[in-house]
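Structure file data_24.csv (CSV, C-alpha atoms and all ligand atoms) is printed below.
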```csv
chain,number,residue,atom,x,y,z
A,1,MET,CA,-26.3,35.2,22.6
A,2,ASN,CA,-24.7,34.7,26.0
A,3,GLU,CA,-23.6,31.1,25.7
A,4,ARG,CA,-20.1,30.5,24.4
A,5,ILE,CA,-20.0,28.5,21.1
A,6,TYR,CA,-17.0,26.4,20.4
A,7,LEU,CA,-16.1,26.2,16.7
A,8,ASP,CA,-12.4,25.6,17.0
A,9,ASN,CA,-12.4,21.8,17.0
A,10,ASN,CA,-9.4,21.6,14.6
A,11,ALA,CA,-7.3,23.1,17.4
A,12,THR,CA,-8.5,20.8,20.1
A,13,THR,CA,-11.8,19.0,21.0
A,14,PRO,CA,-13.6,18.8,24.3
A,15,LEU,CA,-13.2,15.5,26.3
A,16,ASP,CA,-16.1,13.2,25.6
A,17,PRO,CA,-17.7,12.4,29.0
A,18,ARG,CA,-17.7,8.7,28.0
A,19,VAL,CA,-13.9,8.9,27.5
A,20,LEU,CA,-13.5,10.5,30.9
A,21,GLU,CA,-15.6,7.7,32.4
A,22,ALA,CA,-13.3,5.1,30.8
A,23,LEU,CA,-10.0,6.7,31.9
A,24,MET,CA,-11.0,7.8,35.4
A,25,PRO,CA,-10.3,4.5,37.2
A,26,TYR,CA,-6.7,4.7,35.8
A,27,LEU,CA,-6.2,8.1,37.5
A,28,THR,CA,-7.4,6.7,40.8
A,29,ASP,CA,-7.6,3.0,41.9
A,30,LYS,CA,-6.0,1.4,38.9
A,31,PHE,CA,-2.8,3.4,39.1
A,32,GLY,CA,-0.3,0.5,38.3
A,33,ASN,CA,2.7,0.8,36.1
A,34,ALA,CA,2.0,-1.1,32.9
A,35,ALA,CA,5.6,-2.4,33.0
A,36,SER,CA,5.3,-3.9,36.5
A,37,ARG,CA,5.2,-7.6,35.8
A,38,SER,CA,5.2,-8.9,39.4
A,39,HIS,CA,1.7,-7.9,40.6
A,40,GLY,CA,-1.9,-7.3,39.8
A,41,PHE,CA,-1.6,-3.5,39.8
A,42,GLY,CA,0.8,-3.8,36.8
A,43,TRP,CA,-1.2,-6.5,35.1
A,44,GLU,CA,-4.4,-4.5,35.2
A,45,ALA,CA,-2.7,-1.5,33.7
A,46,GLU,CA,-1.0,-3.6,31.0
A,47,GLU,CA,-4.4,-5.2,30.1
A,48,ALA,CA,-5.9,-1.7,29.7
A,49,VAL,CA,-3.0,-0.6,27.5
A,50,LYS,CA,-3.4,-3.7,25.4
A,51,LEU,CA,-7.0,-3.0,24.8
A,52,ALA,CA,-6.3,0.7,23.9
A,53,ARG,CA,-3.6,-0.5,21.4
A,54,GLU,CA,-6.2,-2.8,19.7
A,55,GLN,CA,-8.8,0.0,19.7
A,56,THR,CA,-6.3,2.4,18.0
A,57,ALA,CA,-5.0,-0.2,15.6
A,58,GLU,CA,-8.6,-1.1,14.6
A,59,LEU,CA,-9.3,2.4,13.2
A,60,LEU,CA,-6.1,2.2,11.2
A,61,GLY,CA,-6.5,-1.2,9.6
A,62,ALA,CA,-3.3,-2.1,11.4
A,63,SER,CA,-2.1,-4.7,13.8
A,64,ALA,CA,-1.9,-3.7,17.4
A,65,ARG,CA,1.8,-4.6,17.4
A,66,ASP,CA,2.4,-1.7,14.9
A,67,VAL,CA,1.0,0.9,17.3
A,68,ILE,CA,3.4,3.0,19.5
A,69,PHE,CA,2.1,5.3,22.1
A,70,THR,CA,3.5,8.8,22.3
A,71,SER,CA,2.8,12.1,24.1
A,72,GLY,CA,1.0,13.4,21.0
A,73,ALA,CA,1.5,14.1,17.3
A,74,THR,CA,4.3,16.6,17.8
A,75,GLU,CA,6.4,13.8,19.3
A,76,GLY,CA,5.2,11.3,16.8
A,77,ASN,CA,6.2,13.6,13.9
A,78,ASN,CA,9.6,14.1,15.4
A,79,ILE,CA,10.2,10.4,15.9
A,80,ALA,CA,9.0,9.7,12.3
A,81,ILE,CA,11.1,12.4,10.6
A,82,LYS,CA,14.2,12.7,12.7
A,83,GLY,CA,14.2,9.1,13.7
A,84,VAL,CA,14.0,7.8,10.1
A,85,ALA,CA,16.5,10.4,8.9
A,86,GLU,CA,19.0,9.4,11.5
A,87,MET,CA,18.5,5.7,11.0
A,88,TYR,CA,18.7,5.7,7.2
A,89,ALA,CA,21.1,8.6,6.6
A,90,ASP,CA,23.6,6.2,5.0
A,91,ARG,CA,21.1,5.5,2.2
A,92,GLY,CA,20.8,9.2,1.4
A,93,LYS,CA,20.1,12.6,2.9
A,94,HIS,CA,17.1,13.8,1.1
A,95,VAL,CA,13.6,14.3,2.5
A,96,ILE,CA,10.4,15.6,0.7
A,97,THR,CA,7.5,17.4,2.2
A,98,GLN,CA,5.1,20.3,1.4
A,99,PRO,CA,4.6,23.8,2.7
A,100,THR,CA,1.2,23.5,4.5
A,101,GLU,CA,2.4,20.8,6.9
A,102,HIS,CA,1.9,21.4,10.6
A,103,LYS,CA,4.9,23.1,12.3
A,104,ALA,CA,5.6,19.8,14.0
A,105,VAL,CA,6.6,18.5,10.5
A,106,ILE,CA,8.1,21.6,9.0
A,107,ASP,CA,10.4,22.3,12.0
A,108,PRO,CA,11.9,18.8,12.2
A,109,CYS,CA,12.6,19.1,8.5
A,110,ARG,CA,14.2,22.5,9.0
A,111,TYR,CA,16.3,20.9,11.7
A,112,LEU,CA,17.4,18.1,9.3
A,113,GLU,CA,18.5,20.8,6.9
A,114,GLN,CA,20.8,22.2,9.6
A,115,GLN,CA,22.2,18.6,10.0
A,116,GLY,CA,23.1,18.5,6.3
A,117,PHE,CA,20.0,17.0,4.8
A,118,ARG,CA,18.4,18.4,1.7
A,119,VAL,CA,14.6,19.1,2.0
A,120,THR,CA,12.4,19.5,-1.0
A,121,MET,CA,9.2,21.5,-0.6
A,122,LEU,CA,6.7,20.5,-3.3
A,123,GLY,CA,4.5,23.0,-5.0
A,124,LEU,CA,0.8,23.2,-4.5
A,125,ASP,CA,-2.3,24.0,-6.5
A,126,LYS,CA,-4.6,26.7,-5.5
A,127,TYR,CA,-6.5,24.3,-3.2
A,128,GLY,CA,-3.3,23.3,-1.4
A,129,ARG,CA,-2.8,19.9,-3.0
A,130,ILE,CA,0.5,18.5,-4.2
A,131,ASP,CA,1.0,17.2,-7.7
A,132,PRO,CA,1.8,13.4,-7.6
A,133,ASP,CA,3.8,13.8,-10.8
A,134,GLU,CA,5.9,16.4,-9.2
A,135,LEU,CA,6.5,14.1,-6.3
A,136,ARG,CA,7.5,11.3,-8.5
A,137,SER,CA,10.1,13.4,-10.3
A,138,ALA,CA,11.4,14.9,-7.0
A,139,ILE,CA,12.4,11.5,-5.7
A,140,THR,CA,16.1,10.6,-6.3
A,141,ASP,CA,18.5,7.9,-5.2
A,142,GLU,CA,19.2,10.0,-2.2
A,143,THR,CA,15.6,10.3,-1.0
A,144,ILE,CA,14.7,8.3,2.2
A,145,LEU,CA,11.4,9.9,3.4
A,146,VAL,CA,8.3,11.6,2.1
A,147,SER,CA,6.2,13.4,4.7
A,148,ILE,CA,2.8,14.6,3.5
A,149,MET,CA,-0.2,15.0,5.7
A,150,HIS,CA,-3.7,13.6,5.1
A,151,GLY,CA,-6.1,16.5,6.0
A,152,ASN,CA,-4.9,20.0,6.6
A,153,ASN,CA,-5.6,21.6,10.0
A,154,GLU,CA,-6.1,25.1,8.7
A,155,ILE,CA,-7.8,24.7,5.3
A,156,GLY,CA,-9.2,21.1,5.4
A,157,THR,CA,-7.8,20.1,2.1
A,158,LEU,CA,-7.1,16.4,1.7
A,159,GLN,CA,-3.9,15.2,0.0
A,160,PRO,CA,-4.0,12.3,-2.5
A,161,VAL,CA,-2.5,9.9,0.1
A,162,ALA,CA,-3.1,6.6,-1.7
A,163,GLU,CA,-1.3,7.9,-4.8
A,164,ILE,CA,1.5,9.3,-2.7
A,165,GLY,CA,1.8,5.9,-0.9
A,166,GLN,CA,2.0,4.0,-4.2
A,167,ILE,CA,4.7,6.3,-5.6
A,168,CYS,CA,6.7,5.9,-2.4
A,169,LYS,CA,6.3,2.2,-2.5
A,170,ASP,CA,7.3,2.0,-6.2
A,171,GLN,CA,10.5,4.0,-5.5
A,172,GLY,CA,11.4,2.3,-2.2
A,173,VAL,CA,11.0,5.5,-0.1
A,174,PHE,CA,9.3,5.6,3.3
A,175,TYR,CA,6.0,7.5,3.5
A,176,HIS,CA,5.1,9.3,6.7
A,177,CYS,CA,1.6,10.8,7.0
A,178,ASP,CA,0.4,13.2,9.7
A,179,ALA,CA,-3.2,12.1,10.1
A,180,CYS,CA,-4.2,14.2,13.1
A,181,GLN,CA,-7.1,15.8,11.4
A,182,THR,CA,-8.5,12.7,9.7
A,183,PHE,CA,-7.9,9.8,12.2
A,184,GLY,CA,-11.3,8.9,13.7
A,185,LYS,CA,-13.1,11.2,11.3
A,186,ILE,CA,-12.7,9.6,7.9
A,187,PRO,CA,-11.7,6.0,7.2
A,188,ILE,CA,-8.0,5.3,7.3
A,189,ASP,CA,-6.3,2.1,6.2
A,190,VAL,CA,-2.6,2.1,6.4
A,191,ASN,CA,-2.2,-0.6,3.7
A,192,ALA,CA,-4.6,1.0,1.2
A,193,MET,CA,-2.9,4.3,1.8
A,194,GLY,CA,0.6,2.7,1.6
A,195,VAL,CA,1.9,4.6,4.6
A,196,ASP,CA,4.9,3.3,6.6
A,197,LEU,CA,4.5,5.8,9.5
A,198,LEU,CA,1.4,7.6,10.5
A,199,THR,CA,0.9,10.0,13.5
A,200,LEU,CA,-2.3,10.9,15.4
A,201,SER,CA,-3.3,12.7,18.6
A,202,ALA,CA,-6.0,11.9,21.2
A,203,HIS,CA,-7.1,15.5,21.8
A,204,LYS,CA,-8.3,15.9,18.3
A,205,ILE,CA,-10.8,13.1,18.7
A,206,TYR,CA,-12.4,14.0,22.1
A,207,GLY,CA,-9.7,12.3,24.1
A,208,PRO,CA,-7.2,13.8,26.6
A,209,LYS,CA,-4.3,16.1,25.8
A,210,GLY,CA,-0.7,15.0,25.9
A,211,VAL,CA,-1.2,11.5,24.4
A,212,GLY,CA,-1.1,10.2,20.9
A,213,ALA,CA,0.1,7.3,18.9
A,214,MET,CA,2.0,6.4,15.8
A,215,TYR,CA,1.8,3.5,13.3
A,216,VAL,CA,5.2,2.1,12.5
A,217,ARG,CA,5.2,-0.6,9.8
A,218,ARG,CA,6.9,-3.8,10.9
A,219,LYS,CA,7.1,-5.6,7.6
A,220,ASN,CA,7.1,-4.9,3.8
A,221,PRO,CA,9.1,-2.8,4.5
A,222,ARG,CA,10.2,-2.8,8.1
A,223,VAL,CA,10.7,0.7,9.5
A,224,ARG,CA,13.0,1.3,12.5
A,225,PRO,CA,13.2,5.0,13.4
A,226,LYS,CA,15.9,5.8,15.9
A,227,PRO,CA,14.4,6.8,19.2
A,228,LEU,CA,14.5,10.3,20.5
A,229,LEU,CA,14.3,9.2,24.1
A,230,HIS,CA,16.6,6.5,25.5
A,231,GLY,CA,15.7,4.6,28.6
A,232,GLY,CA,13.7,1.6,29.6
A,233,GLY,CA,13.0,0.4,26.1
A,234,HIS,CA,9.3,0.8,26.2
A,235,GLU,CA,7.2,0.7,23.0
A,236,ARG,CA,9.6,-1.6,21.1
A,237,GLY,CA,12.4,0.6,22.1
A,238,MET,CA,11.1,3.5,20.0
A,239,ARG,CA,9.7,5.5,22.9
A,240,SER,CA,11.1,4.9,26.4
A,241,GLY,CA,9.2,6.2,29.4
A,242,THR,CA,6.5,4.9,31.8
A,243,LEU,CA,3.3,4.7,29.8
A,244,ASN,CA,0.7,7.3,30.4
A,245,VAL,CA,-2.0,4.7,31.2
A,246,PRO,CA,-5.0,7.0,31.8
A,247,GLY,CA,-4.1,9.0,28.7
A,248,ILE,CA,-3.7,5.8,26.6
A,249,VAL,CA,-7.0,4.3,27.9
A,250,GLY,CA,-8.6,7.6,26.9
A,251,LEU,CA,-7.1,7.5,23.5
A,252,GLY,CA,-8.4,3.9,23.0
A,253,ALA,CA,-11.9,4.7,24.2
A,254,ALA,CA,-12.0,7.9,22.0
A,255,ALA,CA,-10.9,5.8,19.0
A,256,GLU,CA,-13.5,3.2,19.7
A,257,LEU,CA,-16.3,5.8,19.9
A,258,CYS,CA,-15.1,7.4,16.6
A,259,GLY,CA,-15.2,4.0,14.9
A,260,GLN,CA,-18.7,3.4,16.1
A,261,GLU,CA,-20.1,6.8,15.1
A,262,MET,CA,-17.9,7.7,12.1
A,263,ASN,CA,-20.4,6.9,9.3
A,264,VAL,CA,-23.2,8.9,10.8
A,265,GLU,CA,-21.0,11.6,12.3
A,266,PHE,CA,-19.2,12.3,9.1
A,267,LYS,CA,-22.4,13.2,7.3
A,268,ARG,CA,-23.7,15.2,10.3
A,269,LEU,CA,-20.5,17.3,10.5
A,270,ALA,CA,-20.2,17.9,6.8
A,271,ALA,CA,-23.9,19.0,6.9
A,272,LEU,CA,-23.1,21.4,9.7
A,273,ARG,CA,-20.1,22.8,7.9
A,274,ASP,CA,-22.1,23.3,4.7
A,275,ARG,CA,-25.0,24.9,6.6
A,276,LEU,CA,-22.5,27.4,8.0
A,277,ARG,CA,-20.9,28.0,4.6
A,278,ASP,CA,-24.2,28.4,2.8
A,279,GLY,CA,-25.7,30.6,5.5
A,280,ILE,CA,-22.8,33.0,5.4
A,281,MET,CA,-22.2,33.0,1.7
A,282,SER,CA,-25.9,33.5,0.7
A,283,GLN,CA,-26.0,36.6,2.8
A,284,LEU,CA,-22.6,38.2,2.2
A,285,ASP,CA,-20.7,39.1,-1.0
A,286,LEU,CA,-17.0,39.0,-1.4
A,287,VAL,CA,-16.5,35.9,0.8
A,288,HIS,CA,-13.9,33.4,-0.5
A,289,LEU,CA,-13.5,29.7,0.5
A,290,ASN,CA,-10.0,28.7,1.2
A,291,GLY,CA,-9.0,25.1,0.6
A,292,HIS,CA,-10.6,22.5,-1.7
A,293,PRO,CA,-14.4,22.9,-2.2
A,294,THR,CA,-15.2,19.2,-1.9
A,295,ASP,CA,-12.0,17.2,-1.2
A,296,ARG,CA,-11.7,18.4,2.4
A,297,THR,CA,-12.2,17.2,6.0
A,298,PRO,CA,-15.8,17.3,7.2
A,299,THR,CA,-15.0,19.6,10.1
A,300,ASN,CA,-13.2,22.5,8.4
A,301,LEU,CA,-14.5,25.7,6.9
A,302,ASN,CA,-12.0,28.4,6.1
A,303,LEU,CA,-13.4,31.7,4.7
A,304,SER,CA,-11.8,35.0,3.8
A,305,PHE,CA,-14.1,38.0,4.2
A,306,GLN,CA,-12.7,40.7,1.8
A,307,TYR,CA,-12.2,44.1,3.4
A,308,VAL,CA,-12.6,42.8,6.9
A,309,GLU,CA,-9.7,42.1,9.3
A,310,GLY,CA,-10.0,38.6,10.7
A,311,GLU,CA,-9.0,39.9,14.1
A,312,SER,CA,-11.8,42.6,14.1
A,313,LEU,CA,-14.3,40.0,13.1
A,314,MET,CA,-13.3,37.7,16.0
A,315,MET,CA,-13.5,40.7,18.4
A,316,GLY,CA,-17.0,41.4,17.1
A,317,MET,CA,-18.2,37.9,17.9
A,318,LYS,CA,-16.5,37.3,21.2
A,319,ASN,CA,-18.8,34.4,22.3
A,320,VAL,CA,-17.8,32.4,19.2
A,321,ALA,CA,-14.5,30.5,19.5
A,322,VAL,CA,-12.8,30.3,16.1
A,323,SER,CA,-9.3,31.1,14.9
A,324,SER,CA,-7.9,33.5,12.3
A,325,GLY,CA,-5.2,33.4,9.7
A,326,SER,CA,-4.0,36.8,10.6
A,327,ALA,CA,-1.2,38.1,12.7
A,328,CYS,CA,-2.4,37.9,16.3
A,329,THR,CA,-2.5,34.2,16.5
A,330,SER,CA,1.3,34.2,16.4
A,331,ALA,CA,3.9,36.5,17.7
A,332,SER,CA,4.8,37.6,14.2
A,333,LEU,CA,3.0,40.0,11.9
A,334,GLU,CA,3.1,37.4,9.1
A,335,PRO,CA,-0.3,36.1,8.0
A,336,SER,CA,-0.8,32.4,7.9
A,337,TYR,CA,2.0,30.5,6.2
A,338,VAL,CA,-0.5,27.9,5.0
A,339,LEU,CA,-2.7,30.5,3.1
A,340,GLN,CA,0.5,32.1,1.8
A,341,ALA,CA,1.6,28.8,0.4
A,342,LEU,CA,-1.7,28.6,-1.5
A,343,GLY,CA,-1.0,32.0,-3.1
A,344,VAL,CA,-3.8,33.7,-1.1
A,345,GLY,CA,-2.7,37.3,-1.0
A,346,ASP,CA,-1.8,38.9,2.3
A,347,ASP,CA,-5.1,40.9,2.4
A,348,LEU,CA,-7.2,37.8,2.0
A,349,ALA,CA,-5.1,35.9,4.5
A,350,HIS,CA,-5.5,38.6,7.1
A,351,SER,CA,-9.3,38.5,6.5
A,352,SER,CA,-9.5,34.7,7.0
A,353,ILE,CA,-11.4,32.8,9.7
A,354,ARG,CA,-11.2,29.1,10.4
A,355,PHE,CA,-14.4,27.6,11.7
A,356,SER,CA,-14.2,24.0,12.7
A,357,VAL,CA,-17.2,21.9,13.8
A,358,GLY,CA,-17.2,18.9,16.1
A,359,ARG,CA,-19.2,16.3,17.9
A,360,PHE,CA,-20.9,18.6,20.4
A,361,ASN,CA,-22.0,21.3,17.9
A,362,THR,CA,-25.7,21.6,17.0
A,363,SER,CA,-27.5,23.2,14.0
A,364,GLU,CA,-28.9,25.8,16.4
A,365,GLU,CA,-25.4,26.9,17.2
A,366,ILE,CA,-24.5,27.0,13.5
A,367,ASP,CA,-27.6,29.3,12.9
A,368,GLN,CA,-26.6,31.6,15.7
A,369,VAL,CA,-23.0,31.8,14.4
A,370,VAL,CA,-24.3,32.6,10.8
A,371,GLU,CA,-26.4,35.4,12.2
A,372,LYS,CA,-23.5,36.8,14.3
A,373,VAL,CA,-21.0,36.6,11.4
A,374,VAL,CA,-23.3,38.2,8.9
A,375,ALA,CA,-24.2,41.1,11.3
A,376,THR,CA,-20.6,41.7,12.3
A,377,VAL,CA,-19.2,41.6,8.8
A,378,LYS,CA,-21.9,44.0,7.6
A,379,LYS,CA,-21.1,46.4,10.5
A,380,LEU,CA,-17.4,46.3,9.8
A,381,ARG,CA,-17.8,46.8,6.1
A,382,GLU,CA,-20.1,49.8,6.7
A,383,MET,CA,-17.0,51.5,8.3
A,384,SER,CA,-14.7,50.4,5.5
A,385,PRO,CA,-14.0,53.0,2.7
A,386,LEU,CA,-12.3,50.2,0.7
A,387,TYR,CA,-15.5,48.1,0.7
A,388,GLU,CA,-17.5,51.2,-0.3
A,389,MET,CA,-15.2,51.8,-3.3
A,390,ALA,CA,-15.4,48.1,-4.3
A,391,LYS,CA,-19.2,48.3,-4.2
A,392,GLU,CA,-19.0,51.3,-6.6
A,393,GLY,CA,-16.9,49.3,-9.0
A,394,ILE,CA,-13.5,50.8,-8.2
A,395,ASP,CA,-10.8,48.3,-7.4
A,396,PRO,CA,-9.0,49.8,-4.4
A,397,SER,CA,-5.8,48.0,-5.2
A,398,LYS,CA,-5.6,49.9,-8.5
A,399,VAL,CA,-6.2,53.4,-7.0
A,400,GLU,CA,-3.2,55.7,-7.1
A,401,TRP,CA,-3.4,57.5,-3.8
A,402,ALA,CA,-2.2,61.1,-3.8
A,403,ALA,CA,0.8,61.8,-1.6
A,404,GLN,CA,-0.2,64.0,1.3
A,501,LIG,C1,-2.9,19.1,16.4
A,501,LIG,C2,-2.0,18.7,15.3
A,501,LIG,C3,-0.6,18.4,15.5
A,501,LIG,C4,0.0,18.4,16.9
A,501,LIG,O1,-0.5,17.4,17.7
A,501,LIG,P1,-0.2,17.5,19.3
A,501,LIG,O2,-0.7,16.2,19.8
A,501,LIG,O3,-1.0,18.6,19.8
A,501,LIG,O4,1.3,17.6,19.5
A,501,LIG,C5,0.1,18.0,14.5
A,501,LIG,N1,-0.4,18.0,13.2
A,501,LIG,C6,-1.6,18.3,12.9
A,501,LIG,C7,-2.1,18.3,11.5
A,501,LIG,C8,-2.5,18.7,13.9
A,501,LIG,O5,-3.7,19.1,13.7
```
Write out the structure in this file as structure tokens.
Ligand SMILES: *Cc1c(COP(=O)(O)O)cnc(C)c1O
Amino acid sequence: MNERIYLDNNATTPLDPRVLEALMPYLTDKFGNAASRSHGFGWEAEEAVKLAREQTAELLGASARDVIFTSGATEGNNIAIKGVAEMYADRGKHVITQPTEHKAVIDPCRYLEQQGFRVTMLGLDKYGRIDPDELRSAITDETILVSIMHGNNEIGTLQPVAEIGQICKDQGVFYHCDACQTFGKIPIDVNAMGVDLLTLSAHKIYGPKGVGAMYVRRKNPRVRPKPLLHGGGHERGMRSGTLNVPGIVGLGAAAELCGQEMNVEFKRLAALRDRLRDGIMSQLDLVHLNGHPTDRTPTNLNLSFQYVEGESLMMGMKNVAVSSGSACTSASLEPSYVLQALGVGDDLAHSSIRFSVGRFNTSEEIDQVVEKVVATVKKLREMSPLYEMAKEGIDPSKVEWAAQ
């Protein structure tokens, strides 16, 4: 196997050539500033942004006027969380979230704590789902915002968003949802979900990097996050700065393609993911699935290979691009905080691999990866005394090792 295989589509996706074709003119001839009102260069850029806003809104069940373009979901999450907190601090200083959120949600919440807000981290079941009843009782008169994602980027688990939205609505609290992993992949309807703010990113849906969008509800209730950037008052004043027209055109085109292909593509991706899971799990013992078995995004498969270091497994299959829940993906020695939050032990967290499939993967690639994973895990376990002991029925964790 000499060709590289990309199975890290939850980290980013390749640009679809059709998206490149759509945005290319806006990097070259059609370079106008969408805010230039006095000539055709500006009008043509403005027209293109208008179309992209409609294409994005369409996939959200929203009106184009509710869509704000950003530099990506990190910025969107910051506007949603810090912007709402700052605007509505006089109503209360309490925010609710949960531990497997992306760092772009966790860290703004940590920042708010430093600013005197109280942040509640909800508990999770073993699949990483929050308990709606716990959410309901965590909301107080002080609560202004609940931020809970749709699909998790590491483990794929889907949160009960419609229930969360209903609870927030009943209690008069704003609901923000990070939908990076589900936008364009599974149907989203901001009204059915009851979200007031929702964030998404183009590079997770075969669009360009450095561009994203957010939905900000305009009525019932109206949400007005304070802007992080002050300037020309673009994007209803919520995000000043000259619009990234080629990026926005790319996001719109990418969203449109997702909308056209979603029904078929959802099934194809889920089948690829299941083929990978079944191929691996039918040939190897002591492999554990992380995240929910069925209530998960179609792209994500997260497995722990007991008695195998995730890093060693990745080294053993260099042509396959995946990511691991162990130390080397970050500067620290801590295993994945997402797996830790689920109560997955450090050993299993260190032995986890995230495979994420996407539009350009084929079943031939999946079969090659199955073969490579199975061979590499077998080889690594052959060298593992712990695995040998486990095979003989001894639990290595219960052994009392003699002091040397
Ligand atoms: C990728 C991702 C982000 C960050 O998006 P950027 O556009 O890269 O800033 C945030 N949340 C989730 C769940 C993601 O998957």
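Shortest atom-to-atom contact with Arg110 (chain A) among A:Gly212, A:Met238, A:Ala390, A:Thr97: A:Thr97, counting only C-alpha atoms.
Ranking A:Ala89, A:Leu7, A:Val357, A:Leu200 by their shortest atom-to-atom distance to ligand LIG 501 (chain A), with only C-alpha atoms and all ligand atoms included, puts A:Leu200 first.
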Contacts of Gly156 (chain A) within 6 Å, only C-alpha atoms, excl. fewer than 2 positions in-chain, as a VMD selection string: chain A and resid 151 to 153 296 to 297 300
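If you measure from each of A:Asp274, A:Glu47, A:Glu75, A:Glu311 to ligand LIG 501 (chain A) using only C-alpha atoms and all ligand atoms, the closest one turns out to be A:Glu75.
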Expected residue set, 12 Å radius at (-25.3, 29.9, 4.5), all atoms listed in the file, as a ChimeraX atom specification: /A:271-285,287,301,363,366-371,373-374
Selection file, C-alpha atoms, as a compact mmCIF listing (two decimals), in the frame of the given file:
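The result, stored in selection.txt:
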```txt
# COMPACT_ATOMS: atom_id res chain seq x y z
CA ALA A 271 -23.90 19.00 6.90
CA LEU A 272 -23.10 21.40 9.70
CA ARG A 273 -20.10 22.80 7.90
CA ASP A 274 -22.10 23.30 4.70
CA ARG A 275 -25.00 24.90 6.60
CA LEU A 276 -22.50 27.40 8.00
CA ARG A 277 -20.90 28.00 4.60
CA ASP A 278 -24.20 28.40 2.80
CA GLY A 279 -25.70 30.60 5.50
CA ILE A 280 -22.80 33.00 5.40
CA MET A 281 -22.20 33.00 1.70
CA SER A 282 -25.90 33.50 0.70
CA GLN A 283 -26.00 36.60 2.80
CA LEU A 284 -22.60 38.20 2.20
CA ASP A 285 -20.70 39.10 -1.00
CA VAL A 287 -16.50 35.90 0.80
CA LEU A 301 -14.50 25.70 6.90
CA SER A 363 -27.50 23.20 14.00
CA ILE A 366 -24.50 27.00 13.50
CA ASP A 367 -27.60 29.30 12.90
CA GLN A 368 -26.60 31.60 15.70
CA VAL A 369 -23.00 31.80 14.40
CA VAL A 370 -24.30 32.60 10.80
CA GLU A 371 -26.40 35.40 12.20
CA VAL A 373 -21.00 36.60 11.40
CA VAL A 374 -23.30 38.20 8.90
```
Top pick for closest residue to ligand LIG 501 (chain A), considering A:Leu198, A:Leu228, A:Cys180, A:Met314 and counting all atoms listed in the file: A:Cys180
All residues having an atom within 8 Å of ligand LIG 501 (chain A) (only C-alpha atoms and all ligand atoms) as a ChimeraX atom specification: /A:10-12,71-77,101-105,149,151-153,178-181,200-204,209-212
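Residue nearest Gln159 (chain A) within the list A:Gly291, A:Pro396, A:Gly116, A:Gly343: A:Gly291 [criterion: smallest interatomic distance, only C-alpha atoms].
Separating CA of Pro335 (chain A) from CA of Gly128 (chain A) is a distance of 16.2 Å.
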Shell around Ala255 (chain A) at 8 Å using only C-alpha atoms, local window under 3 positions removed, as a PyMOL selection string: chain A and resi 55-56+59+184+205+251-252+258-259
